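**Q** Input: one structure, supplied below.
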Amino acid sequence: MLRVGRNLENDEDVYIDDSKSRVIVVCGKRGSGKSYSMGTLAEELVLQGKSLAVVVDPMGIFHTMSQPNEPQNELLWSWGMNARGFATRLLVPGNPVERYGGEDVIKEMEKRDVEFKSLELNPSDVSPEGWCETFGFGVNDPMGIAITKAHLKCKKKWGNNFFIPDLIDVIGSDSRAGSTTKDALSNKLDIAQTWGMFSEGTYRSLLDVLSMDHINVLDLSVIHSGRYGRRPLFVSTLVRDLFSRRSIARRREELELSSDVPRIWLFIDEAHQFAPSGKSSLAKEGIIRWVKEGRQPGLSMVIASQQPSALDMEVLSQWDVILSHSMTTRVDKSALNALTKDYMGSELKVFIEKIARTGEAVFVDDFEERSLMIKVAPRRSRPGGSE
Ligand SMILES: Nc1ncnc2c1ncn2[C@@H]1O[C@H](COP(=O)(O)OP(=O)(O)O)[C@@H](O)[C@H]1O
Ligand SMILES: [Mg+2]
């Protein structure tokens, strides 16, 4: 059981049953406590020690979980809790020293018990659509056709073991594509290699850099959130990799064969960046699949957004827990309100309007068919992003 907080009415502890896979939607306006609450849940999960906790962190604020939340000591004591840091593994796209601008930054963070791991995407894990979206052309454009053909050919030839130069070679030998297309595409791939996001020589499953004993934080703040999503590319590749590895593990477990892939909880902060409503995003398809089909293989997701109206409805509608902090924008309130169910007694927006303080929230658990007002438990580890 994950302790989220206390019932405002009677001060009783409120728990989320984590024995089954869950889809938790955390929302609220800026500064209302979403990232904080995600941290509270992630701590609880790590204390259980049964699942892998992975946080997708577009703001670069979760590495502070390695440090104790001493600034809130008094609050913690009033809850009978103590400040403590958690072993934190920071997954950094590419080379951490380059990303953080110097060896000294890394050293200081290591002193604060952050463990660094470089995370690189295997070119063979990027789907043809992934390349197209990353470069900003359609699958049916000449370059889209050429990269799709090259990708399939490489897969056939080398399985997972091919890299950007191999793709470029194969494109060069494509007799059907025009030379302008081939040159332009090879050029794009050359540039992509300089982003420092792609592995250059060894295939490594993303799962292998994650650790059960740590809170795994994927710091996407170091990647430019440009027009054509490199961040969504990372999330999409991670989501697809974890989904398929965990599905295979599940099948093995059912046959009573050994499996080394634990159940996974994926936390996505600022989730509207990855599953936006009304727009396509590379990561969206994978996220939808995770929330729709992930329960059986043991995949849970916690998605936080200040704009539920900007979150894809297919994702939002899969919720089984809502944790909503204060909200003032009408469109967002009504997006959430649309999720009201009969057992709630009144409309969700009525609950939301009752929220008086930071850290208070409406809590709805669809498994238990109950909705109540809670205060979220304090973080043992330091929340990032605040002064
Ligand atoms: N449950 C809570 N208890 C105590 N302080 C909180 C709580 N939730 C949020 N805060 C405070 O509010 C600040 C903003 O919260 P944050 O989670 O960063 O907001 P959001 O992600 O919604 O923009 C935190 O840094 C913290 O100081
Ligand atoms: Mg936040």
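A note on labels: chains of the structure tokens are A, B, ... as shown, every chain counts residues from 1, and ligands are counted from 1 in their shown order.
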Contacts between ligand 2 and chain A, please, where a residue of chain A counts if it comes within 7 Å (with only C-alpha atoms and all ligand atoms); show its shortest atom pair and distance in Å to one decimal, rows by chain and ascending number, as a Markdown table.

**A**
| residue | atom | partner | partner_atom_place_in_ligand_line | distance |
| --- | --- | --- | --- | --- |
| A:Arg30 | CA | ligand 2 | 1 (Mg) | 6.8 |
| A:Gly31 | CA | ligand 2 | 1 (Mg) | 6.7 |
| A:Gly33 | CA | ligand 2 | 1 (Mg) | 6.9 |
| A:Lys34 | CA | ligand 2 | 1 (Mg) | 5.4 |
| A:Ser35 | CA | ligand 2 | 1 (Mg) | 4.1 |
| A:Asp269 | CA | ligand 2 | 1 (Mg) | 6.8 |
| A:Glu270 | CA | ligand 2 | 1 (Mg) | 7.0 |

**Q** Keeping C-alpha atoms, export the residues of the selection given above as a PDB file, in the first residue's frame.

**A**
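Result saved to again_23.pdb:
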ATOM      1  CA  ARG A  30       1.344  25.666 -11.385  1.00  0.00           C
ATOM      2  CA  GLY A  31       2.805  25.527  -7.919  1.00  0.00           C
ATOM      3  CA  GLY A  33       2.006  20.551  -5.539  1.00  0.00           C
ATOM      4  CA  LYS A  34       1.918  18.096  -8.450  1.00  0.00           C
ATOM      5  CA  SER A  35       5.616  17.331  -8.660  1.00  0.00           C
ATOM      6  CA  ASP A 269       5.798  14.957 -15.086  1.00  0.00           C
ATOM      7  CA  GLU A 270       4.461  17.631 -17.439  1.00  0.00           C
TER       8      GLU A 270
END

**Q** Excluding Leu242 (chain A) and residues on its chain fewer than 5 positions from it, collect all residues at most 10 Å away from it, counting only C-alpha atoms, and give them as a ChimeraX atom specification.

**A** /A:205-207,237,247-248,261,263-264,266,290,299

**Q** Produce a file of the selected residues containing C-alpha atoms, as a PDB file, in the first residue's frame.

**A**
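The result, written out as selection_6.pdb:
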ATOM      1  CA  SER A 205      18.520  -2.299 -23.548  1.00  0.00           C
ATOM      2  CA  LEU A 206      17.337   0.797 -21.694  1.00  0.00           C
ATOM      3  CA  LEU A 207      16.112  -1.516 -18.968  1.00  0.00           C
ATOM      4  CA  THR A 237      11.677   4.568 -27.078  1.00  0.00           C
ATOM      5  CA  SER A 247       5.289  -8.249 -21.484  1.00  0.00           C
ATOM      6  CA  ILE A 248       7.828 -10.957 -22.238  1.00  0.00           C
ATOM      7  CA  VAL A 261      12.060  -7.764 -15.084  1.00  0.00           C
ATOM      8  CA  ARG A 263       6.841  -4.556 -12.263  1.00  0.00           C
ATOM      9  CA  ILE A 264       7.345  -0.989 -13.402  1.00  0.00           C
ATOM     10  CA  LEU A 266       6.552   5.141 -14.747  1.00  0.00           C
ATOM     11  CA  TRP A 290       0.805   1.438 -21.641  1.00  0.00           C
ATOM     12  CA  LEU A 299       2.839  -1.614 -15.738  1.00  0.00           C
TER      13      LEU A 299
END

**Q** Can you work out which one of A:Leu75, A:Val92, A:Ala146, A:Leu233 has the shortest atom-to-atom distance to Gly60 (chain A), counting only C-alpha atoms?

**A**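 When distances to Gly60 (chain A) are compared using only C-alpha atoms, the smallest one comes from A:Val92.
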
**Q** For each of A:Val26, A:Val291, A:Ile215, A:Ala361, take the minimum atom-to-atom distance to Phe243 (chain A), counting only C-alpha atoms, then give the residue where this is smallest.

**A** A:Val291

**Q** Please, which residues in chain A fall within 8 Å of ligand 1 when counting only C-alpha atoms and all ligand atoms, and what is the closest atom pair and distance in Å to one decimal for each, ordered by chain then residue number, as a tab-separated table?

**A**
residue	atom	partner	partner_atom_place_in_ligand_line	distance
A:Cys27	CA	ligand 1	22 (O)	7.4
A:Gly28	CA	ligand 1	22 (O)	5.9
A:Lys29	CA	ligand 1	22 (O)	5.9
A:Arg30	CA	ligand 1	23 (O)	3.9
A:Gly31	CA	ligand 1	23 (O)	3.4
A:Ser32	CA	ligand 1	22 (O)	4.0
A:Gly33	CA	ligand 1	17 (O)	3.2
A:Lys34	CA	ligand 1	22 (O)	3.7
A:Ser35	CA	ligand 1	17 (O)	3.6
A:Tyr36	CA	ligand 1	17 (O)	3.6
A:Ser37	CA	ligand 1	8 (N)	6.2
A:Met38	CA	ligand 1	17 (O)	7.8
A:Gln72	CA	ligand 1	4 (C)	7.7
A:Leu75	CA	ligand 1	4 (C)	7.5
A:Gln306	CA	ligand 1	22 (O)	6.8
A:His325	CA	ligand 1	22 (O)	7.7
A:Thr358	CA	ligand 1	8 (N)	5.5
A:Gly359	CA	ligand 1	1 (N)	3.5
A:Glu360	CA	ligand 1	1 (N)	6.6
A:Lys375	CA	ligand 1	1 (N)	6.4
A:Val376	CA	ligand 1	1 (N)	4.4
A:Ala377	CA	ligand 1	1 (N)	5.5
A:Pro378	CA	ligand 1	3 (N)	4.9
A:Arg379	CA	ligand 1	3 (N)	7.2
A:Pro383	CA	ligand 1	25 (O)	5.7
A:Gly384	CA	ligand 1	25 (O)	6.6
A:Gly385	CA	ligand 1	18 (O)	6.1
A:Ser386	CA	ligand 1	25 (O)	4.4
A:Glu387	CA	ligand 1	25 (O)	7.5

**Q** Please indicate the distance in Å from CA of Gly102 (chain A) to CA of Leu121 (chain A), rounded to one decimal place.

**A**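 Those two atoms sit 22.5 Å apart.
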
**Q** Residues within 7 Å of region 185-189 of chain A, please, as a ChimeraX atom specification. Count only C-alpha atoms; anything in the same chain fewer than 6 positions from it doesn't count.

**A** /A:143,164,168

**Q** Could those selected residues go to a file with N, CA and C atoms, as a PDB file, in the first residue's frame?

**A**
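The resulting file, selection-v2.pdb, is shown below:
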ATOM      1  N   MET A 143      12.246  11.243 -48.323  1.00  0.00           N
ATOM      2  CA  MET A 143      13.186  10.887 -47.261  1.00  0.00           C
ATOM      3  C   MET A 143      12.591   9.886 -46.275  1.00  0.00           C
ATOM      4  N   ILE A 164      24.100   4.542 -36.585  1.00  0.00           N
ATOM      5  CA  ILE A 164      23.832   5.578 -37.589  1.00  0.00           C
ATOM      6  C   ILE A 164      24.713   5.450 -38.849  1.00  0.00           C
ATOM      7  N   ILE A 168      23.468   5.186 -42.774  1.00  0.00           N
ATOM      8  CA  ILE A 168      23.951   6.074 -43.840  1.00  0.00           C
ATOM      9  C   ILE A 168      24.507   5.260 -45.016  1.00  0.00           C
TER      10      ILE A 168
END

**Q** Find the distance between CA of His272 (chain A) and CA of Leu90 (chain A) and write it in Å to one decimal.

**A**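 Computed distance, CA of His272 (chain A) to CA of Leu90 (chain A), equals 22.3 Å.
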
**Q** Write down as a PDB file with N, CA and C atoms, in the first residue's frame the residues belonging to region 184-313 of chain A that are assigned helix (DSSP H, G or I) by DSSP computed on the backbone.

**A**
ATOM      1  N   ALA A 184      20.536  14.599 -48.488  1.00  0.00           N
ATOM      2  CA  ALA A 184      19.856  15.351 -47.428  1.00  0.00           C
ATOM      3  C   ALA A 184      19.634  14.463 -46.200  1.00  0.00           C
ATOM      4  N   LEU A 185      19.225  13.225 -46.464  1.00  0.00           N
ATOM      5  CA  LEU A 185      18.929  12.308 -45.366  1.00  0.00           C
ATOM      6  C   LEU A 185      20.199  11.930 -44.592  1.00  0.00           C
ATOM      7  N   SER A 186      21.267  11.653 -45.342  1.00  0.00           N
ATOM      8  CA  SER A 186      22.531  11.298 -44.686  1.00  0.00           C
ATOM      9  C   SER A 186      23.024  12.453 -43.836  1.00  0.00           C
ATOM     10  N   ASN A 187      22.824  13.651 -44.373  1.00  0.00           N
ATOM     11  CA  ASN A 187      23.193  14.844 -43.648  1.00  0.00           C
ATOM     12  C   ASN A 187      22.441  14.962 -42.332  1.00  0.00           C
ATOM     13  N   LYS A 188      21.150  14.705 -42.391  1.00  0.00           N
ATOM     14  CA  LYS A 188      20.333  14.767 -41.175  1.00  0.00           C
ATOM     15  C   LYS A 188      20.804  13.742 -40.152  1.00  0.00           C
ATOM     16  N   LEU A 189      21.134  12.564 -40.641  1.00  0.00           N
ATOM     17  CA  LEU A 189      21.585  11.516 -39.719  1.00  0.00           C
ATOM     18  C   LEU A 189      22.935  11.877 -39.101  1.00  0.00           C
ATOM     19  N   ASP A 190      23.810  12.479 -39.939  1.00  0.00           N
ATOM     20  CA  ASP A 190      25.099  12.940 -39.411  1.00  0.00           C
ATOM     21  C   ASP A 190      24.888  13.929 -38.275  1.00  0.00           C
ATOM     22  N   ILE A 191      23.952  14.837 -38.496  1.00  0.00           N
ATOM     23  CA  ILE A 191      23.685  15.856 -37.472  1.00  0.00           C
ATOM     24  C   ILE A 191      23.095  15.201 -36.220  1.00  0.00           C
ATOM     25  N   ALA A 192      22.185  14.237 -36.448  1.00  0.00           N
ATOM     26  CA  ALA A 192      21.567  13.552 -35.308  1.00  0.00           C
ATOM     27  C   ALA A 192      22.636  12.892 -34.424  1.00  0.00           C
ATOM     28  N   GLN A 193      23.667  12.369 -35.071  1.00  0.00           N
ATOM     29  CA  GLN A 193      24.741  11.729 -34.289  1.00  0.00           C
ATOM     30  C   GLN A 193      25.409  12.732 -33.344  1.00  0.00           C
ATOM     31  N   THR A 194      25.473  13.999 -33.775  1.00  0.00           N
ATOM     32  CA  THR A 194      26.114  15.009 -32.920  1.00  0.00           C
ATOM     33  C   THR A 194      25.247  15.418 -31.731  1.00  0.00           C
ATOM     34  N   LEU A 206      17.476  -0.295 -22.657  1.00  0.00           N
ATOM     35  CA  LEU A 206      17.337   0.797 -21.694  1.00  0.00           C
ATOM     36  C   LEU A 206      17.085   0.245 -20.298  1.00  0.00           C
ATOM     37  N   LEU A 207      16.427  -0.899 -20.263  1.00  0.00           N
ATOM     38  CA  LEU A 207      16.112  -1.516 -18.968  1.00  0.00           C
ATOM     39  C   LEU A 207      17.370  -1.819 -18.168  1.00  0.00           C
ATOM     40  N   ASP A 208      18.457  -2.122 -18.874  1.00  0.00           N
ATOM     41  CA  ASP A 208      19.683  -2.505 -18.179  1.00  0.00           C
ATOM     42  C   ASP A 208      20.363  -1.368 -17.431  1.00  0.00           C
ATOM     43  N   VAL A 209      19.974  -0.126 -17.703  1.00  0.00           N
ATOM     44  CA  VAL A 209      20.576   0.957 -16.924  1.00  0.00           C
ATOM     45  C   VAL A 209      19.669   1.402 -15.774  1.00  0.00           C
ATOM     46  N   ARG A 230      12.750  15.729 -29.738  1.00  0.00           N
ATOM     47  CA  ARG A 230      13.749  14.747 -29.336  1.00  0.00           C
ATOM     48  C   ARG A 230      13.386  14.187 -27.977  1.00  0.00           C
ATOM     49  N   ARG A 231      12.735  15.004 -27.152  1.00  0.00           N
ATOM     50  CA  ARG A 231      12.287  14.474 -25.855  1.00  0.00           C
ATOM     51  C   ARG A 231      11.252  13.375 -26.046  1.00  0.00           C
ATOM     52  N   PRO A 232      10.209  13.628 -26.876  1.00  0.00           N
ATOM     53  CA  PRO A 232       9.251  12.543 -27.117  1.00  0.00           C
ATOM     54  C   PRO A 232       9.916  11.294 -27.696  1.00  0.00           C
ATOM     55  N   LEU A 233      10.967  11.481 -28.479  1.00  0.00           N
ATOM     56  CA  LEU A 233      11.665  10.322 -29.038  1.00  0.00           C
ATOM     57  C   LEU A 233      12.239   9.456 -27.914  1.00  0.00           C
ATOM     58  N   PHE A 234      12.818  10.116 -26.933  1.00  0.00           N
ATOM     59  CA  PHE A 234      13.360   9.383 -25.784  1.00  0.00           C
ATOM     60  C   PHE A 234      12.273   8.651 -25.031  1.00  0.00           C
ATOM     61  N   VAL A 235      11.182   9.389 -24.756  1.00  0.00           N
ATOM     62  CA  VAL A 235      10.097   8.794 -23.972  1.00  0.00           C
ATOM     63  C   VAL A 235       9.470   7.644 -24.746  1.00  0.00           C
ATOM     64  N   SER A 236       9.267   7.868 -26.037  1.00  0.00           N
ATOM     65  CA  SER A 236       8.633   6.833 -26.836  1.00  0.00           C
ATOM     66  C   SER A 236       9.489   5.559 -26.856  1.00  0.00           C
ATOM     67  N   THR A 237      10.795   5.730 -27.017  1.00  0.00           N
ATOM     68  CA  THR A 237      11.677   4.568 -27.078  1.00  0.00           C
ATOM     69  C   THR A 237      11.714   3.847 -25.731  1.00  0.00           C
ATOM     70  N   LEU A 238      11.780   4.627 -24.652  1.00  0.00           N
ATOM     71  CA  LEU A 238      11.782   4.039 -23.312  1.00  0.00           C
ATOM     72  C   LEU A 238      10.493   3.259 -23.045  1.00  0.00           C
ATOM     73  N   VAL A 239       9.367   3.908 -23.348  1.00  0.00           N
ATOM     74  CA  VAL A 239       8.070   3.294 -23.084  1.00  0.00           C
ATOM     75  C   VAL A 239       7.913   1.985 -23.873  1.00  0.00           C
ATOM     76  N   ARG A 240       8.332   2.023 -25.152  1.00  0.00           N
ATOM     77  CA  ARG A 240       8.179   0.812 -25.966  1.00  0.00           C
ATOM     78  C   ARG A 240       9.092  -0.306 -25.487  1.00  0.00           C
ATOM     79  N   ASP A 241      10.306   0.067 -25.101  1.00  0.00           N
ATOM     80  CA  ASP A 241      11.269  -0.927 -24.629  1.00  0.00           C
ATOM     81  C   ASP A 241      10.779  -1.583 -23.333  1.00  0.00           C
ATOM     82  N   LEU A 242      10.378  -0.747 -22.372  1.00  0.00           N
ATOM     83  CA  LEU A 242       9.925  -1.301 -21.090  1.00  0.00           C
ATOM     84  C   LEU A 242       8.671  -2.150 -21.272  1.00  0.00           C
ATOM     85  N   PHE A 243       7.770  -1.659 -22.120  1.00  0.00           N
ATOM     86  CA  PHE A 243       6.525  -2.396 -22.357  1.00  0.00           C
ATOM     87  C   PHE A 243       6.828  -3.793 -22.907  1.00  0.00           C
ATOM     88  N   SER A 244       7.695  -3.844 -23.902  1.00  0.00           N
ATOM     89  CA  SER A 244       7.904  -5.160 -24.519  1.00  0.00           C
ATOM     90  C   SER A 244       8.702  -6.078 -23.583  1.00  0.00           C
ATOM     91  N   ARG A 245       9.682  -5.521 -22.871  1.00  0.00           N
ATOM     92  CA  ARG A 245      10.450  -6.365 -21.952  1.00  0.00           C
ATOM     93  C   ARG A 245       9.563  -6.915 -20.839  1.00  0.00           C
ATOM     94  N   ARG A 246       8.677  -6.062 -20.331  1.00  0.00           N
ATOM     95  CA  ARG A 246       7.811  -6.485 -19.220  1.00  0.00           C
ATOM     96  C   ARG A 246       6.737  -7.481 -19.729  1.00  0.00           C
ATOM     97  N   SER A 247       6.286  -7.306 -20.950  1.00  0.00           N
ATOM     98  CA  SER A 247       5.289  -8.249 -21.484  1.00  0.00           C
ATOM     99  C   SER A 247       5.901  -9.636 -21.641  1.00  0.00           C
ATOM    100  N   ILE A 248       7.138  -9.668 -22.094  1.00  0.00           N
ATOM    101  CA  ILE A 248       7.828 -10.957 -22.238  1.00  0.00           C
ATOM    102  C   ILE A 248       8.005 -11.595 -20.850  1.00  0.00           C
ATOM    103  N   ALA A 249       8.403 -10.758 -19.886  1.00  0.00           N
ATOM    104  CA  ALA A 249       8.610 -11.262 -18.518  1.00  0.00           C
ATOM    105  C   ALA A 249       7.319 -11.854 -17.955  1.00  0.00           C
ATOM    106  N   ARG A 250       6.236 -11.151 -18.230  1.00  0.00           N
ATOM    107  CA  ARG A 250       4.936 -11.595 -17.725  1.00  0.00           C
ATOM    108  C   ARG A 250       4.573 -12.987 -18.278  1.00  0.00           C
ATOM    109  N   ARG A 251       4.826 -13.148 -19.565  1.00  0.00           N
ATOM    110  CA  ARG A 251       4.544 -14.438 -20.185  1.00  0.00           C
ATOM    111  C   ARG A 251       5.387 -15.531 -19.523  1.00  0.00           C
ATOM    112  N   ARG A 252       6.646 -15.215 -19.275  1.00  0.00           N
ATOM    113  CA  ARG A 252       7.525 -16.195 -18.626  1.00  0.00           C
ATOM    114  C   ARG A 252       7.015 -16.525 -17.224  1.00  0.00           C
ATOM    115  N   GLU A 253       6.586 -15.494 -16.489  1.00  0.00           N
ATOM    116  CA  GLU A 253       6.081 -15.718 -15.133  1.00  0.00           C
ATOM    117  C   GLU A 253       4.865 -16.642 -15.146  1.00  0.00           C
ATOM    118  N   GLU A 254       4.016 -16.431 -16.149  1.00  0.00           N
ATOM    119  CA  GLU A 254       2.817 -17.263 -16.243  1.00  0.00           C
ATOM    120  C   GLU A 254       3.160 -18.725 -16.495  1.00  0.00           C
ATOM    121  N   ALA A 271       3.110  15.854 -18.357  1.00  0.00           N
ATOM    122  CA  ALA A 271       2.783  14.798 -19.321  1.00  0.00           C
ATOM    123  C   ALA A 271       2.129  15.299 -20.611  1.00  0.00           C
ATOM    124  N   HIS A 272       1.572  16.515 -20.561  1.00  0.00           N
ATOM    125  CA  HIS A 272       0.965  17.050 -21.799  1.00  0.00           C
ATOM    126  C   HIS A 272       2.017  17.230 -22.895  1.00  0.00           C
ATOM    127  N   GLN A 273       3.293  17.311 -22.517  1.00  0.00           N
ATOM    128  CA  GLN A 273       4.364  17.382 -23.530  1.00  0.00           C
ATOM    129  C   GLN A 273       4.462  16.091 -24.339  1.00  0.00           C
ATOM    130  N   LEU A 282       5.153  11.507 -30.904  1.00  0.00           N
ATOM    131  CA  LEU A 282       5.759  10.197 -31.016  1.00  0.00           C
ATOM    132  C   LEU A 282       5.517   9.344 -29.769  1.00  0.00           C
ATOM    133  N   ALA A 283       5.530  10.008 -28.616  1.00  0.00           N
ATOM    134  CA  ALA A 283       5.435   9.268 -27.364  1.00  0.00           C
ATOM    135  C   ALA A 283       3.996   8.843 -27.057  1.00  0.00           C
ATOM    136  N   LYS A 284       3.054   9.511 -27.716  1.00  0.00           N
ATOM    137  CA  LYS A 284       1.654   9.329 -27.321  1.00  0.00           C
ATOM    138  C   LYS A 284       1.164   7.895 -27.512  1.00  0.00           C
ATOM    139  N   GLU A 285       1.492   7.335 -28.669  1.00  0.00           N
ATOM    140  CA  GLU A 285       1.023   5.986 -28.980  1.00  0.00           C
ATOM    141  C   GLU A 285       1.454   4.977 -27.909  1.00  0.00           C
ATOM    142  N   GLY A 286       2.708   5.084 -27.513  1.00  0.00           N
ATOM    143  CA  GLY A 286       3.250   4.185 -26.502  1.00  0.00           C
ATOM    144  C   GLY A 286       2.609   4.393 -25.136  1.00  0.00           C
ATOM    145  N   ILE A 287       2.337   5.641 -24.823  1.00  0.00           N
ATOM    146  CA  ILE A 287       1.708   5.944 -23.527  1.00  0.00           C
ATOM    147  C   ILE A 287       0.280   5.402 -23.505  1.00  0.00           C
ATOM    148  N   ILE A 288      -0.422   5.592 -24.620  1.00  0.00           N
ATOM    149  CA  ILE A 288      -1.799   5.080 -24.704  1.00  0.00           C
ATOM    150  C   ILE A 288      -1.796   3.559 -24.530  1.00  0.00           C
ATOM    151  N   ARG A 289      -0.863   2.917 -25.197  1.00  0.00           N
ATOM    152  CA  ARG A 289      -0.796   1.457 -25.106  1.00  0.00           C
ATOM    153  C   ARG A 289      -0.494   1.029 -23.662  1.00  0.00           C
ATOM    154  N   TRP A 290       0.412   1.736 -23.032  1.00  0.00           N
ATOM    155  CA  TRP A 290       0.805   1.438 -21.641  1.00  0.00           C
ATOM    156  C   TRP A 290      -0.405   1.521 -20.710  1.00  0.00           C
ATOM    157  N   VAL A 291      -1.166   2.629 -20.806  1.00  0.00           N
ATOM    158  CA  VAL A 291      -2.290   2.780 -19.873  1.00  0.00           C
ATOM    159  C   VAL A 291      -3.463   1.863 -20.227  1.00  0.00           C
ATOM    160  N   LYS A 292      -3.561   1.491 -21.515  1.00  0.00           N
ATOM    161  CA  LYS A 292      -4.689   0.637 -21.898  1.00  0.00           C
ATOM    162  C   LYS A 292      -4.403  -0.839 -21.715  1.00  0.00           C
ATOM    163  N   GLU A 293      -3.171  -1.246 -22.059  1.00  0.00           N
ATOM    164  CA  GLU A 293      -2.872  -2.677 -22.074  1.00  0.00           C
ATOM    165  C   GLU A 293      -1.811  -3.063 -21.062  1.00  0.00           C
ATOM    166  N   PRO A 308      -4.986  19.479 -17.663  1.00  0.00           N
ATOM    167  CA  PRO A 308      -5.675  18.258 -18.088  1.00  0.00           C
ATOM    168  C   PRO A 308      -6.367  18.434 -19.438  1.00  0.00           C
ATOM    169  N   SER A 309      -6.744  19.658 -19.764  1.00  0.00           N
ATOM    170  CA  SER A 309      -7.413  19.881 -21.062  1.00  0.00           C
ATOM    171  C   SER A 309      -6.433  19.669 -22.215  1.00  0.00           C
ATOM    172  N   ALA A 310      -5.143  19.758 -21.942  1.00  0.00           N
ATOM    173  CA  ALA A 310      -4.145  19.575 -23.001  1.00  0.00           C
ATOM    174  C   ALA A 310      -3.645  18.140 -23.067  1.00  0.00           C
ATOM    175  N   MET A 313      -7.249  12.644 -24.444  1.00  0.00           N
ATOM    176  CA  MET A 313      -8.411  12.087 -23.751  1.00  0.00           C
ATOM    177  C   MET A 313      -8.322  10.571 -23.578  1.00  0.00           C
TER     178      MET A 313
END
